[in-house]
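This report refers to the structure that appears directly beneath it.
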Amino acid sequence: MSIKMIATDLDGTLLNSQHRPPVEFFDWVKRHPEIHTVIASGRQYQTLVGMFGSLGEQMTYCADNGGFIFHEGKKLYSNPIDEHDLMNAVKYMGNIPDTHLVLSGAHTSYIQYKGEEDLGDVSMYFSSLMEVEDLKKVIDKDEIVKISIYDQKHDAANLIHFLPDLGDHMQSVLSEQSWVDIQKADTSKGTAIQFLQEEYDIRPEECVCFGDYLNDTTMMESCHFSVAMANAHPKLKEIASYQTTTNDSQGVVSMLSLLTE
């Protein structure tokens, strides 16, 4: 099998339960500069590039579920949300009890200041996060590609059913138990992977991807060799071509070793 690109999700996939990538993954990337390595995550670009440090220029980042693509510090692609939709989202979703609303932009991410309240897990996912008094005032100052709702009750699967409808041109996706991501309907990890396939002249048959949750679905559909983690959502396992061991058992690295070495 000739592999020219691999794409992997982070949380629940490449990262272990302590949210750390395996050292063996760094070694694999260094040994395979001929393979395009893509990090496809719901996290922001600033968090991703900080996590992988020395490998920064060797990898490509599909950040914010494919809303942005960065390579070598340069933005290759973005799909910003219309200002009218952003205004409606902030208006109708900004004050839902027990939640935080985050807007993801090219420069940083923005969260509405709520006093001395602990941001908890929010800051873990957004290393670059600016607290502002009014989210509506930053909408025209950055390219916003994603609206994220953090559910402090960790019941995002229930929350998503009660969110206001922003229209058919928008979509709401569960990215984790505590997170709902809202983006344009044509924004996805799959769309980002297809952009890179065209950019690098790589066929789906030459791509491998790894994921664990529902926001990885379109990426699975864009790669011929799709791999779900043993800890993946049941619906994702149904879509994937193969399965590997859990994220805590270094399932991504194990499969990559079988395929390339």
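Quick note on naming: the chains in the structure tokens go A, B, ... in the order shown, residues restart at 1 in each chain, and ligands are numbered from 1 in order of appearance.
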
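Neighbouring residues of region 88-93 of chain A at 10 Å or closer, counting only C-alpha atoms and skipping chain neighbours under 6 positions away, are Thr99, His100, Leu101, Val102, Leu103, Gln112, Asp134, Leu135, Lys136, Ile139, Ile147, Ile149, Leu163, Pro164, Asp165, Leu166 and Ile182 of chain A.
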
Within 9 Å of region 33-36 of chain A, which residues of region 42-78 of chain A show up? Give each one with its shortest atom-to-atom distance in Å (one decimal) and the two atoms involved, counting only C-alpha atoms, rows by chain then rising residue number, as a Markdown table.
```
| residue | atom | partner | partner_atom | distance |
| --- | --- | --- | --- | --- |
| A:Gln58 | CA | A:Pro33 | CA | 7.3 |
| A:Met59 | CA | A:His36 | CA | 6.9 |
| A:Thr60 | CA | A:His36 | CA | 7.5 |
```

**OP:** Identify, on the basis of only C-alpha atoms, every residue whose closest approach to region 7-23 of chain A does not exceed 9 Å; exclude the query and any residue fewer than 5 positions from it along the same chain; express the result as a PyMOL selection string.
**Re:** chain A and resi 28+36-43+51-52+176+193+207-213+216+219+223+228-229+231-232+246-253

Take the residues from that selection and write them out as a compact mmCIF listing (two decimals), in the first residue's frame, keeping N, CA and C atoms.
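Done, and the output landed in selection.txt:
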```txt
# COMPACT_ATOMS: atom_id res chain seq x y z
N TRP A 28 7.95 8.69 14.54
CA TRP A 28 7.42 8.21 13.25
C TRP A 28 7.40 9.34 12.22
N HIS A 36 2.85 13.19 3.96
CA HIS A 36 2.22 14.39 4.51
C HIS A 36 1.47 14.00 5.79
N THR A 37 1.88 14.57 6.90
CA THR A 37 1.22 14.30 8.18
C THR A 37 0.31 15.46 8.52
N VAL A 38 -0.97 15.16 8.74
CA VAL A 38 -1.98 16.18 8.97
C VAL A 38 -2.61 15.97 10.35
N ILE A 39 -2.64 17.01 11.14
CA ILE A 39 -3.36 16.99 12.41
C ILE A 39 -4.73 17.63 12.15
N ALA A 40 -5.78 16.84 12.28
CA ALA A 40 -7.14 17.32 12.01
C ALA A 40 -7.92 17.33 13.32
N SER A 41 -8.14 18.51 13.85
CA SER A 41 -8.70 18.61 15.20
C SER A 41 -9.73 19.73 15.30
N GLY A 42 -10.57 19.63 16.29
CA GLY A 42 -11.48 20.71 16.61
C GLY A 42 -10.78 21.84 17.35
N ARG A 43 -9.56 21.58 17.80
CA ARG A 43 -8.82 22.60 18.55
C ARG A 43 -8.32 23.71 17.61
N MET A 51 1.53 22.37 20.77
CA MET A 51 1.61 21.01 21.27
C MET A 51 2.71 20.20 20.57
N PHE A 52 2.95 20.51 19.28
CA PHE A 52 3.89 19.69 18.51
C PHE A 52 5.23 20.38 18.26
N GLU A 176 -17.29 16.41 21.37
CA GLU A 176 -16.97 15.63 22.57
C GLU A 176 -18.20 15.64 23.46
N ILE A 193 -9.59 17.85 4.20
CA ILE A 193 -8.75 16.78 3.65
C ILE A 193 -8.84 16.77 2.12
N CYS A 207 -4.49 7.72 1.19
CA CYS A 207 -4.65 8.43 2.47
C CYS A 207 -5.15 7.50 3.57
N VAL A 208 -4.61 7.72 4.76
CA VAL A 208 -5.04 7.01 5.97
C VAL A 208 -5.50 8.04 6.98
N CYS A 209 -6.62 7.79 7.66
CA CYS A 209 -7.06 8.72 8.70
C CYS A 209 -7.50 7.95 9.95
N PHE A 210 -7.43 8.65 11.08
CA PHE A 210 -7.76 8.08 12.39
C PHE A 210 -8.72 9.01 13.12
N GLY A 211 -9.73 8.45 13.77
CA GLY A 211 -10.66 9.27 14.52
C GLY A 211 -11.40 8.49 15.59
N ASP A 212 -12.16 9.24 16.40
CA ASP A 212 -12.90 8.58 17.49
C ASP A 212 -14.31 9.13 17.70
N TYR A 213 -14.61 10.31 17.10
CA TYR A 213 -15.91 10.90 17.41
C TYR A 213 -16.62 11.36 16.14
N ASP A 216 -15.42 13.39 13.15
CA ASP A 216 -14.44 12.75 12.28
C ASP A 216 -15.10 12.02 11.11
N MET A 219 -14.14 13.06 7.51
CA MET A 219 -12.74 12.71 7.24
C MET A 219 -12.64 11.23 6.88
N CYS A 223 -11.11 9.44 3.06
CA CYS A 223 -9.90 8.62 3.00
C CYS A 223 -10.29 7.16 2.79
N ALA A 228 -10.93 3.60 12.99
CA ALA A 228 -11.58 4.06 14.22
C ALA A 228 -10.85 3.47 15.43
N MET A 229 -10.77 4.25 16.48
CA MET A 229 -10.16 3.76 17.71
C MET A 229 -11.10 2.77 18.41
N ASN A 231 -11.96 2.90 21.32
CA ASN A 231 -12.80 3.72 22.20
C ASN A 231 -13.70 4.68 21.43
N ALA A 232 -13.82 4.50 20.12
CA ALA A 232 -14.58 5.42 19.27
C ALA A 232 -16.08 5.29 19.49
N THR A 246 -7.03 1.34 21.65
CA THR A 246 -7.46 2.61 22.22
C THR A 246 -6.39 3.68 22.12
N ASN A 247 -6.79 4.91 22.40
CA ASN A 247 -5.82 6.01 22.43
C ASN A 247 -4.80 5.82 23.55
N ASP A 248 -5.18 5.18 24.65
CA ASP A 248 -4.24 4.93 25.74
C ASP A 248 -3.29 3.78 25.44
N SER A 249 -3.59 3.02 24.39
CA SER A 249 -2.71 1.93 23.97
C SER A 249 -1.94 2.29 22.71
N GLN A 250 -1.90 3.58 22.40
CA GLN A 250 -1.17 4.09 21.24
C GLN A 250 -1.63 3.43 19.94
N GLY A 251 -2.95 3.39 19.77
CA GLY A 251 -3.52 2.74 18.60
C GLY A 251 -3.09 3.35 17.28
N VAL A 252 -2.93 4.67 17.24
CA VAL A 252 -2.51 5.33 15.99
C VAL A 252 -1.11 4.90 15.60
N VAL A 253 -0.18 4.97 16.54
CA VAL A 253 1.21 4.61 16.26
C VAL A 253 1.31 3.13 15.89
```

Subject >> Within 10 Å of Glu221 (chain A) using only C-alpha atoms, minus same-chain residues under 3 positions, as a list in words >> reply: Lys189, Gly190, Pro204, Cys209, Asp216, Thr217, Thr218, His224, Phe225, Ser226, Ile239, Ala240 and Ser241 of chain A

Can you check which parts of region 101-215 of chain A lie within 6 Å of region 65-72 of chain A? Per residue, the shortest pair of atoms and distance in Å to one decimal, counting only C-alpha atoms, sorted by chain and number, as CSV.
```
residue,atom,partner,partner_atom,distance
A:Val145,CA,A:Gly67,CA,5.3
A:Thr187,CA,A:Gly67,CA,5.9
A:Ser188,CA,A:Gly66,CA,5.0
A:Lys189,CA,A:Gly66,CA,4.5
A:Ala192,CA,A:Gly66,CA,5.1
```

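For the set A:Gly56, A:Glu205, A:His84, A:Thr47, the residue with the smallest atom-to-atom gap to Ser128 (chain A) is A:Thr47, counting only C-alpha atoms.
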
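For the pair CA of Ile144 (chain A) and CA of Ile81 (chain A), the separation is 5.9 Å.
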
**OP:** With a distance cut-off of 10 Å and only C-alpha atoms, select the neighbouring residues of Val122 (chain A), excluding the residue or stretch itself and same-chain residues fewer than 2 positions from it, and output the selection as a PyMOL selection string.
**Re:** chain A and resi 100-102+111+118-120+124-127+129+148-152+178-179

**OP:** Among the residues of region 72-172 of chain A, find those DSSP assigns to alpha helix (DSSP H) from the backbone and print them as an NGL selection string.
**Re:** :A and (83-93 or 121-125 or 156-159)

Original post:
Counting only C-alpha atoms, which of A:Val49, A:Ala157, A:Val173, A:Leu259 gets nearest to Glu206 (chain A)?
Top reply: A:Leu259
